[in-house]
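> structure.tsv is the file, holding TSV, C-alpha atoms:
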chain	number	residue	atom	x	y	z
A	1	MET	CA	0.00	0.00	0.00
A	2	THR	CA	1.27	3.46	-0.79
A	3	GLU	CA	2.55	5.67	2.00
A	4	LYS	CA	-0.39	7.19	3.85
A	5	THR	CA	-0.82	10.93	4.31
A	6	GLU	CA	-1.60	12.30	7.77
A	7	GLN	CA	-5.21	12.68	6.72
A	8	GLU	CA	-5.44	9.05	5.59
A	9	LYS	CA	-3.87	7.87	8.84
A	10	HIS	CA	-6.50	9.85	10.75
A	11	LEU	CA	-9.30	8.23	8.78
A	12	VAL	CA	-8.07	4.70	9.52
A	13	GLU	CA	-7.47	5.56	13.17
A	14	TRP	CA	-10.84	7.22	13.73
A	15	LEU	CA	-12.74	4.40	12.03
A	16	ALA	CA	-10.86	1.76	14.01
A	17	ASP	CA	-11.46	3.71	17.25
A	18	MET	CA	-15.21	4.01	16.54
A	19	ASN	CA	-14.94	7.79	16.29
A	20	GLU	CA	-17.93	7.82	13.99
A	21	ASP	CA	-18.63	11.56	13.58
A	22	ASP	CA	-15.06	12.62	12.88
A	23	ALA	CA	-14.40	9.66	10.56
A	24	PHE	CA	-17.52	10.32	8.51
A	25	ALA	CA	-16.87	14.07	8.30
A	26	LEU	CA	-13.30	13.44	7.15
A	27	ALA	CA	-14.29	10.82	4.56
A	28	LYS	CA	-16.98	13.15	3.22
A	29	LYS	CA	-14.52	16.03	2.98
A	30	MET	CA	-11.93	13.86	1.20
A	31	LEU	CA	-14.45	12.52	-1.30
A	32	LEU	CA	-16.66	15.53	-2.03
A	33	GLU	CA	-14.39	18.53	-1.45
A	34	GLU	CA	-10.92	17.23	-2.21
A	35	GLY	CA	-11.74	14.76	-4.96
A	36	ALA	CA	-9.94	11.85	-3.28
A	37	ASN	CA	-9.95	8.56	-5.19
A	38	PRO	CA	-13.05	6.73	-3.86
A	39	ILE	CA	-11.36	3.33	-4.28
A	40	ARG	CA	-8.49	4.58	-2.12
A	41	VAL	CA	-10.90	5.79	0.58
A	42	LEU	CA	-12.63	2.39	0.58
A	43	GLU	CA	-9.26	0.67	0.83
A	44	LEU	CA	-8.52	2.77	3.95
A	45	CYS	CA	-11.91	1.72	5.33
A	46	ARG	CA	-11.00	-1.92	4.72
A	47	GLU	CA	-7.72	-1.40	6.54
A	48	ALA	CA	-9.60	0.07	9.50
A	49	MET	CA	-12.00	-2.91	9.46
A	50	ASP	CA	-9.00	-5.25	9.68
A	51	VAL	CA	-8.01	-3.47	12.89
A	52	VAL	CA	-11.59	-3.73	14.17
A	53	GLY	CA	-11.58	-7.46	13.39
A	54	LYS	CA	-8.33	-8.00	15.30
A	55	ARG	CA	-9.64	-6.07	18.31
A	56	PHE	CA	-12.78	-8.19	18.24
A	57	GLU	CA	-10.69	-11.38	18.18
A	58	GLN	CA	-8.65	-10.13	21.12
A	59	GLY	CA	-11.77	-9.37	23.15
A	60	GLU	CA	-11.33	-5.59	23.07
A	61	TYR	CA	-14.40	-5.12	20.88
A	62	PHE	CA	-17.74	-6.93	20.93
A	63	LEU	CA	-20.72	-7.29	18.62
A	64	PRO	CA	-22.02	-3.69	19.05
A	65	GLU	CA	-18.67	-2.37	17.80
A	66	LEU	CA	-18.83	-4.68	14.78
A	67	VAL	CA	-22.32	-3.45	13.99
A	68	LEU	CA	-21.25	0.19	14.34
A	69	ALA	CA	-18.21	-0.43	12.14
A	70	GLY	CA	-20.49	-1.89	9.46
A	71	GLU	CA	-22.76	1.15	9.67
A	72	MET	CA	-19.84	3.57	9.36
A	73	LEU	CA	-18.68	1.68	6.30
A	74	GLU	CA	-22.11	1.76	4.71
A	75	ASN	CA	-22.42	5.51	5.25
A	76	ILE	CA	-19.04	6.21	3.67
A	77	GLY	CA	-19.78	3.71	0.91
A	78	ALA	CA	-23.02	5.52	0.08
A	79	ILE	CA	-20.95	8.59	-0.82
A	80	ALA	CA	-18.01	6.76	-2.43
A	81	LYS	CA	-19.94	4.33	-4.61
A	82	PRO	CA	-21.67	6.82	-6.97
A	83	LEU	CA	-18.33	8.57	-7.49
A	84	ILE	CA	-16.78	5.33	-8.79
A	85	LYS	CA	-19.67	4.70	-11.14
A	86	GLN	CA	-19.32	8.09	-12.79
A	87	GLY	CA	-16.94	6.63	-15.33
A	88	PRO	CA	-17.48	7.07	-19.09
A	89	GLY	CA	-20.18	5.15	-20.92
A	90	GLY	CA	-22.81	4.75	-18.20
A	91	GLU	CA	-23.76	1.38	-16.74
A	92	PRO	CA	-21.69	-1.43	-18.28
A	93	LYS	CA	-23.00	-4.92	-18.90
A	94	LYS	CA	-22.51	-7.06	-15.79
A	95	LEU	CA	-19.54	-9.42	-16.09
A	96	ALA	CA	-20.94	-12.38	-14.16
A	97	LYS	CA	-23.23	-13.32	-11.28
A	98	VAL	CA	-21.87	-13.78	-7.77
A	99	LEU	CA	-23.90	-15.15	-4.85
A	100	ILE	CA	-22.42	-14.31	-1.45
A	101	GLY	CA	-23.38	-15.02	2.15
A	102	THR	CA	-21.98	-15.64	5.63
A	103	VAL	CA	-22.30	-19.34	6.50
A	104	HIS	CA	-24.53	-20.65	9.28
A	105	GLY	CA	-23.30	-20.13	12.81
A	106	ASP	CA	-21.52	-16.89	11.93
A	107	LEU	CA	-22.98	-13.39	12.20
A	108	HIS	CA	-20.17	-11.32	10.73
A	109	ASP	CA	-20.89	-9.23	7.71
A	110	ILE	CA	-18.32	-6.43	7.55
A	111	GLY	CA	-15.90	-8.32	5.29
A	112	LYS	CA	-18.74	-9.73	3.22
A	113	ASN	CA	-20.24	-6.27	2.75
A	114	ILE	CA	-16.91	-4.89	1.51
A	115	VAL	CA	-16.53	-7.79	-0.95
A	116	THR	CA	-20.11	-7.30	-2.20
A	117	PHE	CA	-19.43	-3.62	-2.62
A	118	MET	CA	-16.12	-4.07	-4.47
A	119	LEU	CA	-17.55	-6.72	-6.80
A	120	ASP	CA	-20.50	-4.47	-7.57
A	121	ILE	CA	-18.37	-1.45	-8.52
A	122	ASN	CA	-16.15	-3.74	-10.62
A	123	GLY	CA	-19.06	-4.77	-12.82
A	124	PHE	CA	-20.38	-7.98	-11.24
A	125	GLU	CA	-24.02	-8.67	-10.47
A	126	VAL	CA	-23.97	-9.58	-6.79
A	127	LYS	CA	-26.69	-11.09	-4.63
A	128	ASP	CA	-25.92	-10.89	-0.92
A	129	ILE	CA	-28.06	-13.32	1.07
A	130	GLY	CA	-26.95	-12.12	4.50
A	131	ILE	CA	-25.51	-13.79	7.59
A	132	ASP	CA	-25.99	-17.13	9.37
A	133	VAL	CA	-27.24	-18.62	6.09
A	134	PRO	CA	-28.41	-22.27	6.32
A	135	VAL	CA	-27.10	-24.76	3.76
A	136	LYS	CA	-30.58	-25.18	2.24
A	137	THR	CA	-30.85	-21.43	1.59
A	138	PHE	CA	-27.57	-21.49	-0.34
A	139	LEU	CA	-28.89	-24.37	-2.46
A	140	ASP	CA	-32.24	-22.65	-3.09
A	141	GLU	CA	-30.52	-19.39	-4.03
A	142	ILE	CA	-28.06	-21.16	-6.37
A	143	ASN	CA	-30.96	-22.82	-8.18
A	144	GLU	CA	-32.86	-19.55	-8.46
A	145	PHE	CA	-30.08	-16.99	-9.11
A	146	LYS	CA	-27.82	-19.34	-11.13
A	147	PRO	CA	-24.54	-17.65	-10.11
A	148	ASP	CA	-21.18	-18.18	-11.82
A	149	VAL	CA	-19.38	-17.77	-8.49
A	150	VAL	CA	-20.45	-18.48	-4.90
A	151	GLY	CA	-18.68	-16.69	-2.07
A	152	LEU	CA	-18.82	-18.16	1.42
A	153	SER	CA	-17.85	-15.78	4.18
A	154	GLY	CA	-16.97	-16.61	7.78
A	155	PHE	CA	-14.99	-14.87	10.46
A	156	LEU	CA	-15.01	-17.46	13.26
A	157	THR	CA	-13.09	-20.72	13.09
A	158	LEU	CA	-16.34	-22.66	13.56
A	159	ALA	CA	-17.37	-21.27	10.16
A	160	PHE	CA	-14.87	-23.62	8.46
A	161	ASP	CA	-17.06	-26.65	9.23
A	162	SER	CA	-20.10	-24.76	7.96
A	163	MET	CA	-18.23	-23.93	4.75
A	164	LYS	CA	-17.23	-27.57	4.28
A	165	GLU	CA	-20.81	-28.70	4.91
A	166	THR	CA	-22.23	-26.12	2.49
A	167	ILE	CA	-19.79	-27.04	-0.29
A	168	ALA	CA	-20.47	-30.77	0.24
A	169	ALA	CA	-24.20	-30.08	-0.10
A	170	ILE	CA	-23.64	-28.10	-3.31
A	171	GLN	CA	-21.67	-31.10	-4.62
A	172	ASP	CA	-24.38	-33.57	-3.58
A	173	ALA	CA	-27.03	-31.46	-5.28
A	174	GLY	CA	-25.11	-31.79	-8.56
A	175	LEU	CA	-24.40	-28.06	-8.75
A	176	ARG	CA	-20.68	-28.03	-8.01
A	177	ASP	CA	-19.45	-28.31	-11.62
A	178	LYS	CA	-21.52	-25.34	-12.74
A	179	LEU	CA	-19.82	-22.75	-10.54
A	180	LYS	CA	-16.68	-21.63	-8.76
A	181	ILE	CA	-16.57	-21.30	-4.97
A	182	MET	CA	-14.41	-18.85	-3.06
A	183	ILE	CA	-14.16	-18.48	0.69
A	184	GLY	CA	-12.94	-15.61	2.81
A	185	GLY	CA	-12.89	-13.99	6.22
A	186	GLY	CA	-10.93	-14.22	9.45
A	187	GLN	CA	-8.22	-16.85	9.47
A	188	VAL	CA	-8.87	-18.38	6.05
A	189	ASP	CA	-5.76	-19.80	4.36
A	190	GLU	CA	-4.74	-22.58	1.95
A	191	ALA	CA	-5.23	-25.29	4.60
A	192	VAL	CA	-8.80	-24.10	5.19
A	193	ARG	CA	-9.44	-23.93	1.43
A	194	SER	CA	-8.28	-27.52	1.08
A	195	TYR	CA	-10.36	-28.62	4.10
A	196	THR	CA	-13.57	-27.02	2.84
A	197	GLY	CA	-13.18	-28.02	-0.81
A	198	ALA	CA	-13.43	-24.46	-2.15
A	199	ASP	CA	-11.74	-23.48	-5.42
A	200	ALA	CA	-9.89	-20.54	-3.91
A	201	TYR	CA	-9.70	-18.20	-0.95
A	202	GLY	CA	-9.21	-14.45	-0.70
A	203	THR	CA	-7.80	-12.53	2.24
A	204	ASN	CA	-9.46	-9.28	1.21
A	205	ALA	CA	-11.98	-7.74	-1.18
A	206	ILE	CA	-9.39	-6.87	-3.82
A	207	GLU	CA	-8.37	-10.54	-4.04
A	208	ALA	CA	-12.01	-11.60	-4.30
A	209	VAL	CA	-12.46	-9.30	-7.29
A	210	SER	CA	-9.26	-10.67	-8.89
A	211	LEU	CA	-10.44	-14.27	-8.43
A	212	CYS	CA	-13.79	-13.53	-10.08
A	213	ARG	CA	-12.13	-11.64	-12.93
A	214	ASN	CA	-9.69	-14.49	-13.57
A	215	TRP	CA	-12.42	-17.12	-13.52
A	216	MET	CA	-14.51	-15.13	-15.95
A	217	GLY	CA	-11.51	-14.42	-18.20
A	218	VAL	CA	-11.73	-10.66	-17.71
A	219	ALA	CA	-8.52	-8.67	-17.99
A	220	ALA	CA	-7.74	-6.55	-14.94
The structure given in the file should be rewritten as structure tokens.

Amino acid sequence: MTEKTEQEKHLVEWLADMNEDDAFALAKKMLLEEGANPIRVLELCREAMDVVGKRFEQGEYFLPELVLAGEMLENIGAIAKPLIKQGPGGEPKKLAKVLIGTVHGDLHDIGKNIVTFMLDINGFEVKDIGIDVPVKTFLDEINEFKPDVVGLSGFLTLAFDSMKETIAAIQDAGLRDKLKIMIGGGQVDEAVRSYTGADAYGTNAIEAVSLCRNWMGVAA
């Protein structure tokens, strides 16, 4: 990541410290008055969310902080998103369909929301089916939405078993060959990918976008 300015450091710090009013005011000023790159501002938000996630893991933050962090992100995203879409040529044709949800037993949605957001602004049609999603709901949604890619999100280690179970059910339903599956969130790594049977894992939203682009044969 490029060297951060003082202003950018403040934004990450204030978001991570739950200083909602100052963080939002600064993000708004950067985006609307100073013409900051909206993708860069969202990347700073993601960095702050990584800090929030670590503090949650260490017991410094609890669920209310996670919820507030998600709200802060949504508010900033509401300003940043239209600025990214103001590119030439209006609304492009969607590249592919992505179904995404947090697996059952897990209530985290910050990472998932960022991935949904980044895929959307990069030209994918995304359907986010929320948190604590039962296996059957994933199967029903796959049959209905017919996605090219399924993203399973989970922050807690117990989510790995849910991911494995969900992917096994997709296989048993005869749907596995029709789509790619990526997993992400928390402590996901190659060992977890192998354990769950996913095609790939991403450690952040940028990687998730790259995976989808590669699978669909879209140049970056």
> I want to know what sits within 6 Å of region 113-130 of chain A, based on all atoms listed in the file, with residues of the same chain fewer than 6 positions away left out; could you give that as JSON, numbers by chain?
{"A": [94, 95, 96, 97, 98, 99, 100, 101, 205, 209]}
> Within 10 Å of Ala169 (chain A), counting all atoms listed in the file, which residues show up once you throw out same-chain ones fewer than 4 positions away? Write them as a short mmCIF file (atom, residue, chain, number, x, y, z; two decimals) with C-alpha atoms, keeping the file's coordinate frame, please.

data_model
loop_
_atom_site.label_atom_id
_atom_site.label_comp_id
_atom_site.auth_asym_id
_atom_site.auth_seq_id
_atom_site.Cartn_x
_atom_site.Cartn_y
_atom_site.Cartn_z
CA VAL A 135 -27.10 -24.76 3.76
CA LYS A 136 -30.58 -25.18 2.24
CA PHE A 138 -27.57 -21.49 -0.34
CA LEU A 139 -28.89 -24.37 -2.46
CA MET A 163 -18.23 -23.93 4.75
CA LYS A 164 -17.23 -27.57 4.28
CA GLU A 165 -20.81 -28.70 4.91
CA ALA A 173 -27.03 -31.46 -5.28
CA GLY A 174 -25.11 -31.79 -8.56
CA LEU A 175 -24.40 -28.06 -8.75
CA ARG A 176 -20.68 -28.03 -8.01
#
> Using all atoms listed in the file, determine which residues lie at most 6 Å from region 6-12 of chain A, disregarding the query and same-chain residues fewer than 6 positions distant; provide the list as a CSV table (one decimal) with C-alpha atoms, in the frame of the given file.

chain,number,residue,atom,x,y,z
A,23,ALA,CA,-14.4,9.7,10.6
A,44,LEU,CA,-8.5,2.8,4.0
A,48,ALA,CA,-9.6,0.1,9.5
> Work out how far CA of Val218 (chain A) is from CA of Val192 (chain A), in Å to one decimal.
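We find that CA of Val192 (chain A) and CA of Val218 (chain A) lie 26.7 Å from each other.
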> If we count only C-alpha atoms and set the cut-off at 8 Å, which residues sit around Val103 (chain A), ignoring sequence neighbours fewer than 2 positions away in its own chain? Please answer as a ChimeraX atom specification.
/A:101,105-106,131-135,152-154,159,162-163,166
> Quick one: of A:Ala16, A:Asp148, A:Met182, A:Thr102, who's nearest to Asp199 (chain A), counting only C-alpha atoms?
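Under the stated criterion, the closest residue is A:Met182.
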> From the options A:Val51, A:Leu211, A:Met72, A:Ser194, which residue's atoms come nearest to Phe24 (chain A), counting only C-alpha atoms?
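Ranked by minimum distance to Phe24 (chain A), first place goes to A:Met72.
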